[in-house]
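J.: Here you go, coords-v5.cif (mmCIF, C-alpha atoms):
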data_entry
loop_
_atom_site.label_atom_id
_atom_site.label_comp_id
_atom_site.auth_asym_id
_atom_site.auth_seq_id
_atom_site.Cartn_x
_atom_site.Cartn_y
_atom_site.Cartn_z
CA MET N 92 0.00 0.00 0.00
CA SER N 93 1.39 3.42 -0.97
CA SER N 94 2.65 5.53 1.94
CA ARG N 95 1.58 8.65 0.06
CA PRO N 96 -1.89 9.97 0.89
CA ASP N 97 -2.71 10.43 -2.80
CA ILE N 98 -4.53 7.11 -2.93
CA VAL N 99 -6.85 8.10 -0.07
CA VAL N 100 -7.48 11.56 -1.49
CA ALA N 101 -8.16 10.21 -4.99
CA LEU N 102 -10.66 7.67 -3.65
CA PHE N 103 -12.40 10.36 -1.60
CA GLU N 104 -12.51 12.67 -4.65
CA ASP N 105 -14.15 9.97 -6.75
CA VAL N 106 -16.78 9.20 -4.13
CA LEU N 107 -17.47 12.87 -3.45
CA THR N 108 -17.86 13.83 -7.12
CA GLY N 109 -19.90 10.70 -7.79
CA LEU N 110 -22.38 11.47 -5.02
CA GLN N 111 -22.09 15.23 -4.45
CA GLY N 112 -21.25 17.18 -7.59
CA ASP N 113 -21.98 20.58 -6.04
CA VAL N 114 -19.06 20.94 -3.63
CA ASP N 115 -15.90 23.00 -3.35
CA LEU N 116 -13.73 20.12 -4.53
CA GLU N 117 -10.37 21.86 -4.18
CA LEU N 118 -11.16 22.85 -0.59
CA ALA N 119 -12.38 19.35 0.21
CA LYS N 120 -9.22 17.74 -1.20
CA SER N 121 -6.78 20.19 0.40
CA GLU N 122 -8.40 19.72 3.81
CA LEU N 123 -8.03 15.97 3.62
CA VAL N 124 -4.41 16.19 2.43
CA GLY N 125 -3.58 18.41 5.40
CA LEU N 126 -5.11 15.94 7.84
CA ILE N 127 -4.10 12.58 6.40
CA GLN N 128 -0.52 13.11 5.23
CA ARG N 129 1.40 12.41 8.45
CA PRO N 130 -0.83 9.72 9.98
CA TRP N 131 -1.11 7.79 6.69
CA ALA N 132 2.68 7.74 6.33
CA ASP N 133 2.97 6.50 9.92
CA PHE N 134 0.44 3.74 9.24
CA CYS N 135 2.08 2.59 6.02
CA SER N 136 5.54 2.50 7.58
CA GLY N 137 4.52 -0.75 9.27
CA GLY N 138 4.71 -1.92 12.86
CA ARG N 139 2.39 -1.46 15.82
CA PRO N 140 3.34 2.18 16.59
CA GLY N 141 1.63 3.37 13.40
CA ARG N 142 -1.71 1.74 14.15
CA SER N 143 -4.81 3.79 14.93
CA ALA N 144 -7.72 2.77 17.15
CA LEU N 145 -10.12 4.26 14.59
CA THR N 146 -10.38 1.16 12.39
CA GLU N 147 -9.95 -2.58 12.63
CA SER N 148 -6.91 -2.58 10.35
CA GLY N 149 -5.25 0.28 12.22
CA ALA N 150 -5.68 2.71 9.32
CA PRO N 151 -6.17 6.33 10.48
CA PHE N 152 -8.98 6.98 7.99
CA GLU N 153 -12.70 6.19 7.86
CA LEU N 154 -15.02 7.04 4.96
CA SER N 155 -18.78 7.08 5.45
CA VAL N 156 -21.84 7.57 3.28
CA LYS N 157 -25.12 8.65 4.82
CA VAL N 158 -28.27 7.90 2.84
CA ALA N 159 -31.34 9.89 3.89
CA ALA N 160 -34.91 8.69 3.45
CA ASP N 161 -35.54 11.54 1.00
CA GLY N 162 -32.67 10.33 -1.21
CA ASP N 163 -30.09 12.92 -0.15
CA VAL N 164 -26.57 11.53 0.29
CA SER N 165 -23.79 12.89 2.51
CA VAL N 166 -20.12 11.95 2.19
CA ARG N 167 -17.99 12.12 5.32
CA TYR N 168 -14.60 11.08 6.63
CA VAL N 169 -12.81 10.87 9.96
CA VAL N 170 -9.04 11.06 10.39
CA ASP N 171 -6.95 10.10 13.40
CA VAL N 172 -4.23 12.77 13.26
CA ALA N 173 -2.42 11.65 16.42
CA ASP N 174 1.15 10.56 16.81
CA PRO N 175 0.38 7.02 18.01
CA THR N 176 3.57 6.86 20.07
CA LEU N 177 2.24 9.62 22.36
CA ASP N 178 -0.74 9.71 24.71
CA VAL N 179 -3.80 11.91 24.38
CA ARG N 180 -2.37 14.87 26.31
CA ASP N 181 0.96 14.90 24.46
CA ASN N 182 -0.93 15.03 21.17
CA GLU N 183 -2.89 18.14 22.14
CA ASP N 184 -0.90 20.59 19.98
CA ARG N 185 -1.41 18.37 16.95
CA TYR N 186 -5.12 18.02 17.77
CA LEU N 187 -5.58 21.78 18.11
CA GLU N 188 -3.81 22.50 14.84
CA ALA N 189 -6.11 20.07 13.01
CA ALA N 190 -9.19 21.34 14.86
CA ARG N 191 -8.52 24.92 13.79
CA ARG N 192 -8.16 23.73 10.21
CA VAL N 193 -11.40 21.75 10.04
CA THR N 194 -13.73 23.77 12.30
CA GLY N 195 -12.58 27.34 11.71
CA GLN N 196 -13.41 28.06 15.35
CA PRO N 197 -11.45 30.65 17.36
CA ALA N 198 -8.47 29.41 19.36
CA ARG N 199 -10.23 30.46 22.58
CA VAL N 200 -13.29 28.29 21.85
CA LEU N 201 -11.22 25.27 20.91
CA GLY N 202 -8.88 25.74 23.85
CA GLN N 203 -11.81 25.69 26.27
CA LEU N 204 -13.30 22.61 24.62
CA PHE N 205 -10.04 20.66 24.73
CA ALA N 206 -9.32 21.73 28.31
CA CYS N 207 -12.82 20.66 29.34
CA HIS N 208 -12.32 17.15 27.98
CA LEU N 209 -8.61 16.45 28.29
CA ASP N 210 -7.18 18.34 31.26
CA ASP N 211 -7.90 15.53 33.72
CA ALA N 212 -7.05 12.64 31.40
CA ALA N 213 -4.61 10.33 33.16
CA PRO N 214 -1.07 9.97 31.80
CA GLY N 215 -0.96 7.18 29.25
CA THR N 216 -4.55 7.67 28.10
CA PRO N 217 -4.64 6.47 24.46
CA ALA N 218 -4.60 9.14 21.75
CA THR N 219 -8.16 8.82 20.47
CA VAL N 220 -9.37 12.34 19.65
CA MET N 221 -10.67 12.25 16.06
CA HIS N 222 -11.38 14.91 13.42
CA GLY N 223 -14.13 14.63 10.81
CA VAL N 224 -15.50 16.53 7.83
CA GLY N 225 -18.74 15.92 5.94
CA TRP N 226 -20.26 17.27 2.72
CA ALA N 227 -23.95 17.28 1.79
CA SER N 228 -26.12 18.77 -0.93
CA GLY N 229 -26.19 22.53 -1.39
CA ARG N 230 -22.49 22.77 -0.54
CA ARG N 231 -23.32 22.14 3.09
CA ARG N 232 -20.20 21.32 5.08
CA ARG N 233 -19.93 20.00 8.62
CA SER N 234 -16.91 19.32 10.78
CA THR N 235 -16.81 17.15 13.89
CA LEU N 236 -14.48 16.68 16.84
CA TYR N 237 -14.69 13.41 18.79
CA PHE N 238 -13.37 13.19 22.36
CA PRO N 239 -12.85 10.04 24.46
CA THR N 240 -14.78 10.21 27.74
CA SER N 241 -14.80 6.71 29.23
CA TRP N 242 -12.86 7.76 32.35
CA LEU N 243 -15.59 10.23 33.35
CA SER N 244 -18.58 9.27 35.47
CA PRO N 245 -22.00 10.12 33.97
CA ASP N 246 -22.37 13.08 36.34
CA GLU N 247 -18.87 14.40 35.61
CA LEU N 248 -19.47 14.26 31.87
CA ALA N 249 -22.98 15.74 32.11
CA ASN N 250 -21.52 18.82 33.82
CA ARG N 251 -19.24 19.44 30.84
CA LEU N 252 -21.82 19.16 28.06
CA PRO N 253 -23.45 22.17 26.34
CA GLU N 254 -26.88 21.55 27.89
CA PRO N 255 -28.11 19.74 31.02
CA VAL N 256 -28.67 16.05 30.38
CA VAL N 257 -29.07 12.86 32.37
CA LEU N 258 -26.78 10.09 31.18
CA ALA N 259 -27.72 6.49 31.88
CA GLY N 260 -24.23 5.06 32.24
CA ARG N 261 -20.82 6.11 31.00
CA ALA N 262 -20.30 7.50 27.52
CA GLU N 263 -17.31 6.27 25.55
CA VAL N 264 -17.17 9.24 23.18
CA VAL N 265 -18.67 12.72 22.78
CA GLY N 266 -18.79 14.39 19.37
CA TYR N 267 -19.27 18.08 18.56
CA ASP N 268 -20.61 19.12 15.13
CA PHE N 269 -19.74 22.55 13.74
CA ASP N 270 -21.08 24.40 10.72
CA GLU N 271 -20.49 27.94 9.50
CA GLY N 272 -22.55 29.27 12.42
CA GLY N 273 -20.49 27.50 15.10
CA LEU N 274 -21.59 24.61 17.29
CA ALA N 275 -24.60 22.98 15.61
CA SER N 276 -25.10 19.77 17.59
CA TRP N 277 -23.42 17.33 19.92
CA LYS N 278 -23.75 13.63 20.52
CA THR N 279 -22.84 10.94 23.01
CA TYR N 280 -21.90 7.34 22.24
CA GLN N 281 -22.61 4.63 24.81
CA TRP N 282 -22.51 0.86 24.68
CA PHE N 283 -25.99 -0.53 24.02
CA SER N 284 -26.71 -3.90 25.64
CA VAL N 285 -28.35 -6.10 23.01
CA GLU N 286 -31.22 -8.42 23.89
CA ALA N 287 -32.44 -11.20 21.64
CA THR N 288 -35.99 -9.83 21.82
CA PRO N 289 -37.20 -7.09 19.44
CA LEU N 290 -36.76 -3.44 20.33
CA THR N 291 -39.75 -1.62 21.77
CA ASP N 292 -40.96 1.93 21.26
CA GLU N 293 -39.85 2.67 24.82
CA SER N 294 -36.25 2.08 23.78
CA GLY N 295 -36.46 5.04 21.38
CA PHE N 296 -36.65 2.88 18.25
CA ALA N 297 -40.11 2.41 16.78
CA ALA N 298 -40.63 -1.15 15.54
CA SER N 299 -41.35 0.07 12.00
CA HIS N 300 -38.00 1.79 11.60
CA THR N 301 -34.80 0.44 10.11
CA ALA N 302 -32.74 0.23 13.31
CA ALA N 303 -35.36 -2.01 14.86
CA ALA N 304 -35.59 -4.12 11.70
CA ILE N 305 -31.82 -4.74 11.66
CA HIS N 306 -31.86 -5.55 15.35
CA GLU N 307 -34.77 -7.97 15.02
CA ARG N 308 -33.23 -9.79 12.05
CA PHE N 309 -29.66 -10.19 13.32
CA ALA N 310 -29.74 -9.94 17.14
CA PRO N 311 -30.74 -13.60 17.67
CA GLU N 312 -27.52 -14.63 15.87
CA LEU N 313 -25.26 -12.31 17.89
CA SER N 314 -22.85 -14.14 20.18
CA SER N 315 -23.82 -13.84 23.84
CA ARG N 316 -20.31 -12.67 24.75
CA MET N 317 -20.62 -9.79 22.26
CA ARG N 318 -24.00 -8.48 23.36
CA ALA N 319 -22.58 -5.88 25.73
CA LYS N 320 -20.00 -4.35 23.37
CA SER N 321 -21.02 -4.72 19.76
CA THR N 322 -23.36 -1.74 19.39
CA PHE N 323 -23.21 1.96 20.13
CA LEU N 324 -26.23 4.01 21.09
CA GLN N 325 -25.79 7.54 19.78
CA ARG N 326 -27.89 10.34 21.22
CA SER N 327 -27.59 13.40 19.01
CA ARG N 328 -28.85 16.77 20.21
CA SER N 329 -29.15 19.99 18.32
CA ILE N 330 -29.21 23.10 20.45
CA ALA N 331 -32.64 23.37 22.14
CA ALA N 332 -34.02 20.44 20.13
CA ALA N 333 -35.19 16.96 21.07
CA PRO N 334 -32.53 14.23 20.88
CA VAL N 335 -32.38 11.74 18.01
CA HIS N 336 -31.28 8.18 18.79
CA SER N 337 -29.28 5.98 16.42
CA LEU N 338 -27.86 2.49 16.71
CA PHE N 339 -24.35 1.78 15.41
CA PHE N 340 -23.88 -1.89 14.57
CA PHE N 341 -20.25 -3.08 14.42
CA ALA N 342 -20.08 -5.17 11.27
CA ARG N 343 -17.98 -8.09 12.45
CA PRO N 344 -19.94 -9.16 15.56
CA TRP N 345 -23.25 -8.51 13.79
CA GLY N 346 -22.25 -10.79 10.93
CA PHE N 347 -22.14 -8.18 8.16
CA ALA N 348 -18.43 -8.84 7.56
CA ALA N 349 -18.92 -12.60 7.15
CA ALA N 350 -19.44 -14.25 3.78
CA GLY N 351 -22.92 -13.33 2.61
CA GLY N 352 -23.48 -11.02 5.58
CA MET N 353 -23.70 -7.78 3.62
CA THR N 354 -25.94 -9.44 1.06
CA GLN N 355 -28.37 -10.41 3.83
CA LEU N 356 -28.29 -6.87 5.21
CA LEU N 357 -28.92 -5.26 1.82
CA ARG N 358 -31.78 -7.67 1.16
CA LEU N 359 -33.32 -6.46 4.39
CA LEU N 360 -32.80 -2.74 3.65
CA THR N 361 -33.86 -2.56 0.01
CA PRO N 362 -37.54 -3.49 0.57
CA LEU N 363 -37.67 -0.83 3.29
CA GLY N 364 -37.26 1.80 0.57
CA TRP N 365 -33.58 2.67 0.84
CA ASP N 366 -31.76 3.66 -2.35
CA LEU N 367 -28.35 2.05 -1.85
CA GLY N 368 -26.81 3.03 -5.17
CA ALA N 369 -24.22 5.07 -3.28
CA LEU N 370 -22.58 1.82 -2.17
CA HIS N 371 -21.80 0.97 -5.79
CA VAL N 372 -19.99 4.31 -6.17
CA VAL N 373 -17.80 3.51 -3.16
CA ALA N 374 -17.11 -0.03 -4.39
CA ALA N 375 -16.12 1.24 -7.85
CA ALA N 376 -13.76 3.85 -6.38
CA SER N 377 -12.19 1.22 -4.14
CA ARG N 378 -11.46 -1.01 -7.14
CA ARG N 379 -10.26 1.86 -9.32
CA HIS N 380 -7.69 3.04 -6.81
CA GLU N 381 -6.81 -0.42 -5.51
CA LEU N 382 -7.58 0.57 -1.93
CA PRO N 383 -9.58 -2.31 -0.42
CA LEU N 384 -12.37 -1.21 1.91
CA GLN N 385 -14.50 -3.14 4.37
CA VAL N 386 -17.74 -2.11 6.02
CA GLY N 387 -16.85 -1.50 9.66
CA LEU N 388 -20.10 -0.05 10.96
CA VAL N 389 -23.70 0.40 9.88
CA ALA N 390 -25.82 3.02 11.64
CA ALA N 391 -29.58 3.54 11.50
CA SER N 392 -31.47 6.40 13.09
CA GLY N 393 -34.37 5.67 15.37
CA ASP N 394 -36.58 8.16 13.56
CA GLY N 395 -36.15 6.26 10.29
CA ARG N 396 -34.57 9.19 8.46
CA SER N 397 -31.15 7.79 7.60
CA VAL N 398 -28.82 4.83 7.21
CA THR N 399 -25.05 5.30 7.24
CA PHE N 400 -22.30 2.94 6.08
CA TYR N 401 -18.78 3.33 7.47
CA PHE N 402 -15.86 2.03 5.40
CA TRP N 403 -12.39 1.17 6.71
CA PRO N 404 -9.26 0.46 4.67
CA ALA N 405 -8.77 -3.29 4.90
#
Translate this file's structure into structure tokens.
T.:
Amino acid sequence: MSSRPDIVVALFEDVLTGLQGDVDLELAKSELVGLIQRPWADFCSGGRPGRSALTESGAPFELSVKVAADGDVSVRYVVDVADPTLDVRDNEDRYLEAARRVTGQPARVLGQLFACHLDDAAPGTPATVMHGVGWASGRRRRSTLYFPTSWLSPDELANRLPEPVVLAGRAEVVGYDFDEGGLASWKTYQWFSVEATPLTDESGFAASHTAAAIHERFAPELSSRMRAKSTFLQRSRSIAAAPVHSLFFFARPWGFAAAGGMTQLLRLLTPLGWDLGALHVVAAASRRHELPLQVGLVAASGDGRSVTFYFWPA
């Protein structure tokens, strides 16, 4: 695999132009080059020190495609910019440099956000702050910062979030979405304990929606030892708006990565009305640039408005 980031950027360009023609392509490409260059070289140099916790293969790059119920498609990526030989605190300067680039937020705002989440991280805490950028129709652009939070109690984390909230258990990650107006939304990710029985409306996932359909079809086959840590519950909150729940299914424990697994999943989703043509665009770009990808995660919103596929370099 080439240690130059060109292969990643070229694949992203193909997917972006294939699914979102109306974007500032030069800006999109230059942003990704600035983020991916050092971590991709570290990864391709070989050896454990260059491995990221972002993906199963250790690659510091994740590509995702969000398909909305109305047919709109968003293209997103996340990059792990960290020096993997250093812990989360010793990477802070690198994190802040990348955060300024992708969010455009003032240094004061970012400094407060990083201090809020990292100042009490213990020495040796893994370097798992992530930076993301997404593009949607109408030249809409979104950037996201993801912070690890597993060492914080629910009450400690709740006191640091933008609005009062009651957390049922620890959150592993908190993400902050920014658009041209500043902070647009924020979201928590917690482990979701999977039961073999169907989801109920009380869980936040109406039985008619896609998340519940995936759960009902595949949960009975999920290994009992994986039921506690195979699925993330995301609670996304826009400022002064009701939260939206989504389930994030890790592909390997849920069987999507096994032979025939994705075929079974797509056969479930297609009759539900999802246009999954975007997946063919990603597959074609992967072949064209000889960068093998695997589906690492599949997410479905509880309100039935979107399904998202997350691709990792294999």
J.: Given the file shown, enumerate the residues that the PyMOL selection byres ((chain N and resi 325-330) around 8) captures and present them as a list in words.
T.: Glu254, Ala275, Ser276, Trp277, Lys278, Thr279, Tyr280, Gln281, Phe323, Leu324, Ala331, Ala332, Ala333, Pro334, Val335, His336, Ser337, Leu338 and Phe339 of chain N
J.: Specify as a count of residues only each residue included when the PyMOL selection byres ((chain N and resi 183) around 10) is applied to this file.
T.: 19
J.: Written as a PDB file with C-alpha atoms, in the frame of the given file, what is the full residue list that the PyMOL selection byres ((chain N and resi 99) around 9) yields on the file shown?
T.:
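Dumped everything to out35.pdb:
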ATOM      1  CA  ARG N  95       1.580   8.650   0.060  1.00  0.00           C
ATOM      2  CA  PRO N  96      -1.890   9.970   0.890  1.00  0.00           C
ATOM      3  CA  ASP N  97      -2.710  10.430  -2.800  1.00  0.00           C
ATOM      4  CA  ILE N  98      -4.530   7.110  -2.930  1.00  0.00           C
ATOM      5  CA  VAL N 100      -7.480  11.560  -1.490  1.00  0.00           C
ATOM      6  CA  ALA N 101      -8.160  10.210  -4.990  1.00  0.00           C
ATOM      7  CA  LEU N 102     -10.660   7.670  -3.650  1.00  0.00           C
ATOM      8  CA  PHE N 103     -12.400  10.360  -1.600  1.00  0.00           C
ATOM      9  CA  GLU N 104     -12.510  12.670  -4.650  1.00  0.00           C
ATOM     10  CA  LEU N 123      -8.030  15.970   3.620  1.00  0.00           C
ATOM     11  CA  VAL N 124      -4.410  16.190   2.430  1.00  0.00           C
ATOM     12  CA  ILE N 127      -4.100  12.580   6.400  1.00  0.00           C
ATOM     13  CA  TRP N 131      -1.110   7.790   6.690  1.00  0.00           C
ATOM     14  CA  PHE N 152      -8.980   6.980   7.990  1.00  0.00           C
ATOM     15  CA  HIS N 380      -7.690   3.040  -6.810  1.00  0.00           C
ATOM     16  CA  LEU N 382      -7.580   0.570  -1.930  1.00  0.00           C
TER      17      LEU N 382
END
J.: So how far away is CA of Met221 (chain N) from CA of Gly149 (chain N), in Å?
T.: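 We find that CA of Gly149 (chain N) and CA of Met221 (chain N) lie 13.7 Å from each other.
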J.: When you draw a straight line from CA of Leu201 (chain N) to CA of Glu271 (chain N), how long is it in Å?
T.: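 That distance, rounded to one decimal, is 14.9 Å.
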J.: I'd like the box whose edges run along x, y and z of the file and which contains every listed atom of region 316-327 of chain N, padded by 8 Å per side; could you state its centre and edge lengths in Å, one decimal, as JSON?
T.:
{"center_x": -23.9, "center_y": 0.4, "center_z": 22.4, "size_x": 23.9, "size_y": 42.1, "size_z": 22.7}
J.: Go ahead and find all residues with at least one atom no further than 10 Å from (-26.1, 5.2, -4.6) in the file's coordinates, using only C-alpha atoms; report them as a PyMOL selection string.
T.: chain N and resi 109-110+156+158+162-164+365-373
J.: Using Å and a single decimal, report how far CA of Pro175 (chain N) sits from CA of Asp133 (chain N).
T.: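 Distance between the two atoms: 8.5 Å.
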J.: Neighbours of Val264 (chain N) within 7 Å (all atoms listed in the file; same-chain residues fewer than 6 positions away dropped), as a list of chain:residue names?
T.: N:Tyr237, N:Phe238, N:Pro239, N:Thr240, N:Ser241, N:Thr279, N:Tyr280
J.: Which residue, N:Tyr168, N:Phe400, N:Trp226, N:Phe340, has the smallest gap to Leu118 (chain N) when you use only C-alpha atoms?
T.: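 Answer, going by the shortest atom-to-atom distance: N:Trp226.
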J.: Which residue out of N:Arg231, N:Thr176, N:Ala350, N:Leu274 has the minimum interatomic distance to Leu204 (chain N) when only C-alpha atoms are used?
T.: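 Under the stated criterion, the closest residue is N:Leu274.
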J.: Select, from N:Val200, N:Lys157, N:Ala212, N:Pro404, the residue with the minimum atom-to-atom distance to Ser392 (chain N), counting only C-alpha atoms.
T.: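 Checking each candidate against Ser392 (chain N), we get N:Lys157 as the closest.
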J.: Within 12 Å of Lys320 (chain N), counting only C-alpha atoms, which residues qualify if same-chain residues fewer than 2 places away don't, as a list in words?
T.: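 Near neighbours after the sequence-gap exclusion: Glu263, Tyr280, Gln281, Trp282, Phe283, Ser284, Val285, Glu286, Leu313, Ser314, Ser315, Arg316, Met317, Arg318, Thr322, Phe323, Leu324, Phe339, Phe340, Phe341, Arg343, Pro344 and Trp345 of chain N.
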J.: At a cut-off of 10 Å, using all atoms listed in the file, what residues contact Trp242 (chain N)? Leave out same-chain residues fewer than 6 positions from it and give the result as a PDB file with C-alpha atoms, in the coordinates of the input.
T.:
ATOM      1  CA  ASP N 211      -7.900  15.530  33.720  1.00  0.00           C
ATOM      2  CA  ALA N 212      -7.050  12.640  31.400  1.00  0.00           C
ATOM      3  CA  ALA N 213      -4.610  10.330  33.160  1.00  0.00           C
ATOM      4  CA  THR N 216      -4.550   7.670  28.100  1.00  0.00           C
ATOM      5  CA  LEU N 248     -19.470  14.260  31.870  1.00  0.00           C
ATOM      6  CA  ARG N 261     -20.820   6.110  31.000  1.00  0.00           C
ATOM      7  CA  ALA N 262     -20.300   7.500  27.520  1.00  0.00           C
ATOM      8  CA  GLU N 263     -17.310   6.270  25.550  1.00  0.00           C
TER       9      GLU N 263
END
J.: Determine, counting all atoms listed in the file, which protein, DNA and RNA residues have an atom within 9 Å of an atom of Gln111 (chain N); residues of the same chain fewer than 6 positions away are not included. Present the result as a list of chain:residue names.
T.: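 That gives N:Val164, N:Ser165, N:Val166, N:Trp226, N:Ala227, N:Ser228, N:Gly229, N:Arg230.
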J.: Counting all atoms listed in the file, which residue out of N:Thr219, N:Thr288, N:Thr194, N:Ser397 sits closest to Thr146 (chain N)?
T.: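 Among the listed residues, the smallest separation from Thr146 (chain N) belongs to N:Thr219.
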J.: N:Ala310, N:Ala375, N:Leu252, N:Val193: which is nearest Cys207 (chain N), counting all atoms listed in the file?
T.: N:Leu252
